[in-house]
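Here is the structure we will look at.
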Amino acid sequence: MKLIALGAFAVATLVAGAASAQTQTPPLTHGPVVTGVCAYNPQALIATSTAGRSLATGLQRLGEEVRGELAPYATSLESEATALQQGGQAADPDGSRARAWQQRLQEAQQLEETRTNELRYTERLQTQAIVTAARPIIAALYQEKGCSILLDGGNVLAINPQMDLTEAAVQRLNQALPSLPQFTRSAVPAQAQQ
C-alpha cells in the first residue's frame with residue numbers, strides 16, 4: 001500500500017513539475033559581476049560558431065553519402081527476403097538462398113557499423129580541430145578578463161553575462177577559423193577500433 005501511495009505522489013509531483021515548467025518564467029536579474037570568476041560553454045561555441053556550423057553541414061553531407069551507399073544493400077535484402085517468404089520451401093528447398101541472404105545481411109550490418117564508426121571518428125577529429133583553434137582564444141580571454149577561475153558554462157544554470165566568455169570566444173573563433181576545410185570520412189585507425 002505504501003508503494004502505491006509513493007507512486008501516486010511521484011506521479012503527482014511529475015505532473016505538477018511539468019505544469020510549472022510550461023508557465024513563463026520571468027527574465028533573470030543578475031547580481032554583480034564577481035571579480036575573477038568567468039564561464040565558458042564549449043558546446044555553445046561549437047554549436048554557434050561558423051566552424052561548428054560547417055562541421056554540422058559536413059557531417060550531414062557525409063551521413064547522406066553513407067545512407068546512399070547503404071540503401072542498395074537494404075533494398076536488395078528486402079527484395080530477397082520477400083521473395084524467400086513468398087516462394088516458401090519451393091523457392092529455397094535446400095536453404096542455400098536463406099544462408100546466402102543471412103551472410104549478405106551480416107556483411108551489410110558490418111558495413112553500416114564501419115561507416116557509423118568512421119562518421120563518429122571524423123566528427124571527433126573535426127571537433128578537435130575547432131577545440132584546438134579555440135584553446136588559445138579562451139586563454140587570451142581568460143587573461144584579458146583577469147579570471148581566477150573558469151567555470152564550464154554548460155554546467156552553470158545562470159551567470160551574469162558579463163562573466164561569460166563564450167560570445168567573445170565565438171566572435172574571435174569566427175575570425176580565426178571561419179569554417180573547416182572540406183573534409184571526408186576518416187577511416188578509424190586499427191588501434192582505435194579495439
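Residue names in the C-alpha cells use chain letters A, B, ... in the order shown, residue numbers from 1 in each chain, and ligand numbers from 1 in the order shown.
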Selection: 7 Å around range 29-42 of chain A, only C-alpha atoms, excl. self and same-chain fewer than 2 positions, as a compact mmCIF listing (two decimals) with C-alpha atoms, in the first residue's frame:
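Contents of result_16.txt, as written:
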```txt
# COMPACT_ATOMS: atom_id res chain seq x y z
CA PRO A 27 13.74 37.07 -17.04
CA ALA A 44 27.73 26.56 -27.34
CA LEU A 45 30.95 27.59 -29.07
CA ILE A 46 30.81 24.57 -31.34
CA GLY A 146 41.52 38.78 -15.25
CA CYS A 147 39.86 35.46 -14.49
CA SER A 148 40.98 33.43 -11.49
CA ILE A 149 38.57 30.57 -12.12
CA LEU A 150 36.91 29.39 -15.33
CA LEU A 151 33.64 27.51 -14.97
CA ASP A 152 32.16 25.20 -17.59
CA GLY A 153 29.26 27.38 -18.72
CA GLY A 154 27.39 24.30 -19.97
CA ASN A 160 25.91 37.25 -15.23
CA GLN A 162 29.48 39.92 -18.30
CA MET A 163 31.27 36.94 -16.74
CA ASP A 164 30.63 34.64 -19.74
CA LEU A 165 33.47 34.41 -22.26
CA THR A 166 31.54 32.28 -24.77
```
Proximity of range 13-81 of chain A to range 97-106 of chain A: per-residue shortest pair, 10 Å limit, only C-alpha atoms, as CSV:
```
residue,atom,partner,partner_atom,distance
A:Tyr73,CA,A:Leu105,CA,8.3
A:Ala74,CA,A:Leu105,CA,8.5
A:Ser76,CA,A:Arg104,CA,9.5
A:Leu77,CA,A:Leu105,CA,6.9
A:Glu78,CA,A:Trp101,CA,9.8
A:Glu80,CA,A:Trp101,CA,7.2
A:Ala81,CA,A:Trp101,CA,7.6
```
Restricting the output to N, CA, C and O atoms, write the selected residues as a PDB file, in the first residue's frame.
```pdb
ATOM      1  N   TYR A  73      21.922  -1.952 -50.529  1.00  0.00           N
ATOM      2  CA  TYR A  73      22.001  -3.191 -49.743  1.00  0.00           C
ATOM      3  C   TYR A  73      20.650  -3.476 -49.088  1.00  0.00           C
ATOM      4  O   TYR A  73      20.153  -4.609 -49.122  1.00  0.00           O
ATOM      5  N   ALA A  74      20.053  -2.458 -48.496  1.00  0.00           N
ATOM      6  CA  ALA A  74      18.771  -2.627 -47.814  1.00  0.00           C
ATOM      7  C   ALA A  74      17.695  -3.040 -48.818  1.00  0.00           C
ATOM      8  O   ALA A  74      16.907  -3.960 -48.557  1.00  0.00           O
ATOM      9  N   SER A  76      18.046  -4.521 -51.763  1.00  0.00           N
ATOM     10  CA  SER A  76      18.316  -5.876 -52.242  1.00  0.00           C
ATOM     11  C   SER A  76      17.935  -6.922 -51.192  1.00  0.00           C
ATOM     12  O   SER A  76      17.305  -7.945 -51.510  1.00  0.00           O
ATOM     13  N   LEU A  77      18.300  -6.656 -49.938  1.00  0.00           N
ATOM     14  CA  LEU A  77      17.988  -7.605 -48.867  1.00  0.00           C
ATOM     15  C   LEU A  77      16.482  -7.720 -48.646  1.00  0.00           C
ATOM     16  O   LEU A  77      15.960  -8.823 -48.440  1.00  0.00           O
ATOM     17  N   GLU A  78      15.787  -6.600 -48.708  1.00  0.00           N
ATOM     18  CA  GLU A  78      14.327  -6.639 -48.543  1.00  0.00           C
ATOM     19  C   GLU A  78      13.668  -7.406 -49.676  1.00  0.00           C
ATOM     20  O   GLU A  78      12.750  -8.209 -49.447  1.00  0.00           O
ATOM     21  N   GLU A  80      14.973  -9.763 -51.589  1.00  0.00           N
ATOM     22  CA  GLU A  80      15.288 -11.195 -51.458  1.00  0.00           C
ATOM     23  C   GLU A  80      14.492 -11.831 -50.320  1.00  0.00           C
ATOM     24  O   GLU A  80      14.004 -12.953 -50.441  1.00  0.00           O
ATOM     25  N   ALA A  81      14.333 -11.105 -49.207  1.00  0.00           N
ATOM     26  CA  ALA A  81      13.549 -11.640 -48.083  1.00  0.00           C
ATOM     27  C   ALA A  81      12.102 -11.845 -48.493  1.00  0.00           C
ATOM     28  O   ALA A  81      11.492 -12.873 -48.158  1.00  0.00           O
TER      29      ALA A  81
END
```
Shell of 12 Å around Leu173 in chain A, only C-alpha atoms, local chain residues under 2 positions omitted, as a ChimeraX atom specification:
/A:42,45-46,48-52,129-138,140-141,165-171,175-180
Take the selection from the previous step and output its residues with N, CA, C and O atoms, as a compact mmCIF listing (two decimals), in the first residue's frame.
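For reference, result_32.txt as written:
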```
# COMPACT_ATOMS: atom_id res chain seq x y z
N PRO A 42 31.83 25.34 -23.97
CA PRO A 42 32.41 24.79 -25.20
C PRO A 42 31.37 24.24 -26.17
O PRO A 42 31.54 24.34 -27.38
N LEU A 45 29.97 27.12 -28.10
CA LEU A 45 30.95 27.59 -29.07
C LEU A 45 30.88 26.75 -30.33
O LEU A 45 30.83 27.29 -31.44
N ILE A 46 30.85 25.45 -30.18
CA ILE A 46 30.81 24.57 -31.34
C ILE A 46 29.47 24.71 -32.06
O ILE A 46 29.42 24.73 -33.30
N THR A 48 27.43 27.34 -32.21
CA THR A 48 27.11 28.64 -32.78
C THR A 48 28.20 29.24 -33.65
O THR A 48 27.93 30.19 -34.39
N SER A 49 29.41 28.72 -33.59
CA SER A 49 30.48 29.28 -34.41
C SER A 49 30.29 28.86 -35.86
O SER A 49 29.64 27.86 -36.17
N THR A 50 30.89 29.63 -36.77
CA THR A 50 30.78 29.28 -38.19
C THR A 50 31.51 27.96 -38.47
O THR A 50 31.06 27.17 -39.30
N ALA A 51 32.61 27.72 -37.78
CA ALA A 51 33.32 26.45 -37.95
C ALA A 51 32.46 25.29 -37.45
O ALA A 51 32.40 24.23 -38.08
N GLY A 52 31.77 25.50 -36.33
CA GLY A 52 30.87 24.47 -35.81
C GLY A 52 29.72 24.19 -36.76
O GLY A 52 29.32 23.03 -36.95
N ALA A 129 39.73 19.83 -34.09
CA ALA A 129 40.32 20.96 -34.82
C ALA A 129 39.73 22.28 -34.33
O ALA A 129 40.45 23.27 -34.17
N ILE A 130 38.43 22.30 -34.07
CA ILE A 130 37.79 23.51 -33.56
C ILE A 130 38.27 23.80 -32.14
O ILE A 130 38.61 24.94 -31.81
N VAL A 131 38.32 22.78 -31.31
CA VAL A 131 38.77 22.95 -29.92
C VAL A 131 40.21 23.46 -29.90
O VAL A 131 40.56 24.35 -29.11
N THR A 132 41.06 22.92 -30.76
CA THR A 132 42.45 23.34 -30.82
C THR A 132 42.56 24.82 -31.23
O THR A 132 43.36 25.56 -30.66
N ALA A 133 41.73 25.23 -32.18
CA ALA A 133 41.73 26.64 -32.60
C ALA A 133 41.17 27.54 -31.50
O ALA A 133 41.60 28.69 -31.36
N ALA A 134 40.23 27.05 -30.71
CA ALA A 134 39.60 27.86 -29.66
C ALA A 134 40.47 27.98 -28.41
O ALA A 134 40.36 28.97 -27.68
N ARG A 135 41.31 27.00 -28.16
CA ARG A 135 42.09 26.98 -26.92
C ARG A 135 42.89 28.26 -26.68
O ARG A 135 42.79 28.86 -25.60
N PRO A 136 43.68 28.75 -27.64
CA PRO A 136 44.42 30.00 -27.37
C PRO A 136 43.49 31.22 -27.25
O PRO A 136 43.81 32.17 -26.54
N ILE A 137 42.37 31.17 -27.90
CA ILE A 137 41.39 32.27 -27.79
C ILE A 137 40.84 32.32 -26.37
O ILE A 137 40.76 33.40 -25.77
N ILE A 138 40.50 31.18 -25.82
CA ILE A 138 39.98 31.12 -24.45
C ILE A 138 41.06 31.56 -23.47
O ILE A 138 40.79 32.32 -22.53
N ALA A 140 43.51 33.63 -24.03
CA ALA A 140 43.68 35.09 -24.15
C ALA A 140 42.53 35.82 -23.44
O ALA A 140 42.77 36.80 -22.72
N LEU A 141 41.30 35.36 -23.62
CA LEU A 141 40.15 35.98 -22.95
C LEU A 141 40.26 35.84 -21.44
O LEU A 141 39.92 36.76 -20.69
N LEU A 165 32.52 34.18 -21.18
CA LEU A 165 33.47 34.41 -22.26
C LEU A 165 33.01 33.82 -23.59
O LEU A 165 33.64 34.06 -24.62
N THR A 166 31.92 33.06 -23.60
CA THR A 166 31.54 32.28 -24.77
C THR A 166 31.29 33.14 -26.01
O THR A 166 31.82 32.85 -27.09
N GLU A 167 30.50 34.20 -25.88
CA GLU A 167 30.17 35.01 -27.05
C GLU A 167 31.42 35.64 -27.66
O GLU A 167 31.61 35.63 -28.88
N ALA A 168 32.29 36.17 -26.82
CA ALA A 168 33.55 36.76 -27.32
C ALA A 168 34.41 35.68 -27.97
O ALA A 168 35.06 35.93 -29.01
N ALA A 169 34.42 34.48 -27.39
CA ALA A 169 35.20 33.39 -27.97
C ALA A 169 34.65 32.99 -29.34
O ALA A 169 35.42 32.74 -30.27
N VAL A 170 33.32 32.96 -29.48
CA VAL A 170 32.71 32.62 -30.77
C VAL A 170 33.10 33.67 -31.81
O VAL A 170 33.48 33.33 -32.94
N GLN A 171 33.02 34.95 -31.45
CA GLN A 171 33.37 36.02 -32.39
C GLN A 171 34.82 35.89 -32.85
O GLN A 171 35.12 36.00 -34.04
N GLN A 175 36.56 34.61 -36.67
CA GLN A 175 37.60 35.32 -37.43
C GLN A 175 38.80 34.40 -37.68
O GLN A 175 39.36 34.38 -38.78
N ALA A 176 39.19 33.65 -36.67
CA ALA A 176 40.38 32.80 -36.78
C ALA A 176 40.13 31.55 -37.63
O ALA A 176 41.02 31.09 -38.36
N LEU A 177 38.93 30.99 -37.52
CA LEU A 177 38.59 29.75 -38.23
C LEU A 177 37.16 29.90 -38.77
O LEU A 177 36.22 29.40 -38.17
N PRO A 178 37.01 30.63 -39.89
CA PRO A 178 35.66 30.90 -40.40
C PRO A 178 34.88 29.63 -40.75
O PRO A 178 33.66 29.60 -40.64
N SER A 179 35.59 28.60 -41.18
CA SER A 179 34.94 27.31 -41.44
C SER A 179 36.02 26.25 -41.48
O SER A 179 37.21 26.56 -41.59
N LEU A 180 35.59 25.02 -41.41
CA LEU A 180 36.54 23.92 -41.53
C LEU A 180 36.79 23.68 -43.01
O LEU A 180 35.87 23.85 -43.83
```
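Here CA of Glu69 in chain A is placed at a distance of 27.5 Å from CA of Gln86 in chain A.
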Would you list, as a PDB file with all heavy atoms, in the first residue's frame, the residues of range 112-162 of chain A that end up in strand (DSSP E) under DSSP run on this structure's backbone?
```pdb
ATOM      1  N   ILE A 149      39.214  31.876 -12.002  1.00  0.00           N
ATOM      2  CA  ILE A 149      38.573  30.570 -12.119  1.00  0.00           C
ATOM      3  C   ILE A 149      37.709  30.606 -13.376  1.00  0.00           C
ATOM      4  O   ILE A 149      37.080  31.610 -13.689  1.00  0.00           O
ATOM      5  CB  ILE A 149      37.740  30.227 -10.863  1.00  0.00           C
ATOM      6  CG1 ILE A 149      37.177  28.812 -10.956  1.00  0.00           C
ATOM      7  CG2 ILE A 149      36.618  31.224 -10.659  1.00  0.00           C
ATOM      8  CD1 ILE A 149      36.541  28.319  -9.661  1.00  0.00           C
ATOM      9  N   LEU A 150      37.703  29.500 -14.117  1.00  0.00           N
ATOM     10  CA  LEU A 150      36.908  29.393 -15.333  1.00  0.00           C
ATOM     11  C   LEU A 150      35.957  28.217 -15.169  1.00  0.00           C
ATOM     12  O   LEU A 150      36.375  27.072 -15.059  1.00  0.00           O
ATOM     13  CB  LEU A 150      37.806  29.193 -16.561  1.00  0.00           C
ATOM     14  CG  LEU A 150      37.104  29.135 -17.910  1.00  0.00           C
ATOM     15  CD1 LEU A 150      36.373  30.450 -18.196  1.00  0.00           C
ATOM     16  CD2 LEU A 150      38.117  28.853 -19.019  1.00  0.00           C
ATOM     17  N   LEU A 151      34.672  28.524 -15.128  1.00  0.00           N
ATOM     18  CA  LEU A 151      33.638  27.506 -14.973  1.00  0.00           C
ATOM     19  C   LEU A 151      33.176  27.005 -16.332  1.00  0.00           C
ATOM     20  O   LEU A 151      33.163  27.754 -17.304  1.00  0.00           O
ATOM     21  CB  LEU A 151      32.435  28.089 -14.215  1.00  0.00           C
ATOM     22  CG  LEU A 151      32.709  28.694 -12.844  1.00  0.00           C
ATOM     23  CD1 LEU A 151      31.459  29.377 -12.311  1.00  0.00           C
ATOM     24  CD2 LEU A 151      33.196  27.628 -11.885  1.00  0.00           C
ATOM     25  N   ASP A 152      32.761  25.747 -16.378  1.00  0.00           N
ATOM     26  CA  ASP A 152      32.159  25.199 -17.586  1.00  0.00           C
ATOM     27  C   ASP A 152      30.750  25.765 -17.684  1.00  0.00           C
ATOM     28  O   ASP A 152      29.857  25.371 -16.940  1.00  0.00           O
ATOM     29  CB  ASP A 152      32.131  23.674 -17.521  1.00  0.00           C
ATOM     30  CG  ASP A 152      31.527  23.034 -18.764  1.00  0.00           C
ATOM     31  OD1 ASP A 152      30.872  23.722 -19.564  1.00  0.00           O
ATOM     32  OD2 ASP A 152      31.711  21.811 -18.929  1.00  0.00           O
TER      33      ASP A 152
END
```
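Considering only C-alpha atoms, the residue among A:Gln85, A:Arg53, A:Tyr121, A:Gln128 positioned nearest to Pro189 in chain A is A:Tyr121.
Proximity of A:Ala190, A:Leu84, A:Leu125, A:Leu70 to Ala108 in chain A, computed with only C-alpha atoms, is greatest for A:Leu70.
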Could you please write out, as number ranges by chain, every residue of range 19-123 of chain A that DSSP assigns to helix (DSSP H, G or I)?
A: 19-22, 42-48, 50-91, 96-123
May I ask which of the residues A:Ala158, A:Thr82, A:Glu123, A:Gln89 is the closest one to Ala187 in chain A, counting only C-alpha atoms?
A:Glu123
Between CA of Arg185 in chain A and CA of Arg115 in chain A - distance in Å to one decimal
8.5 Å
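If you look at CA of Thr114 in chain A and CA of Pro72 in chain A, they are 16.5 Å away from each other.
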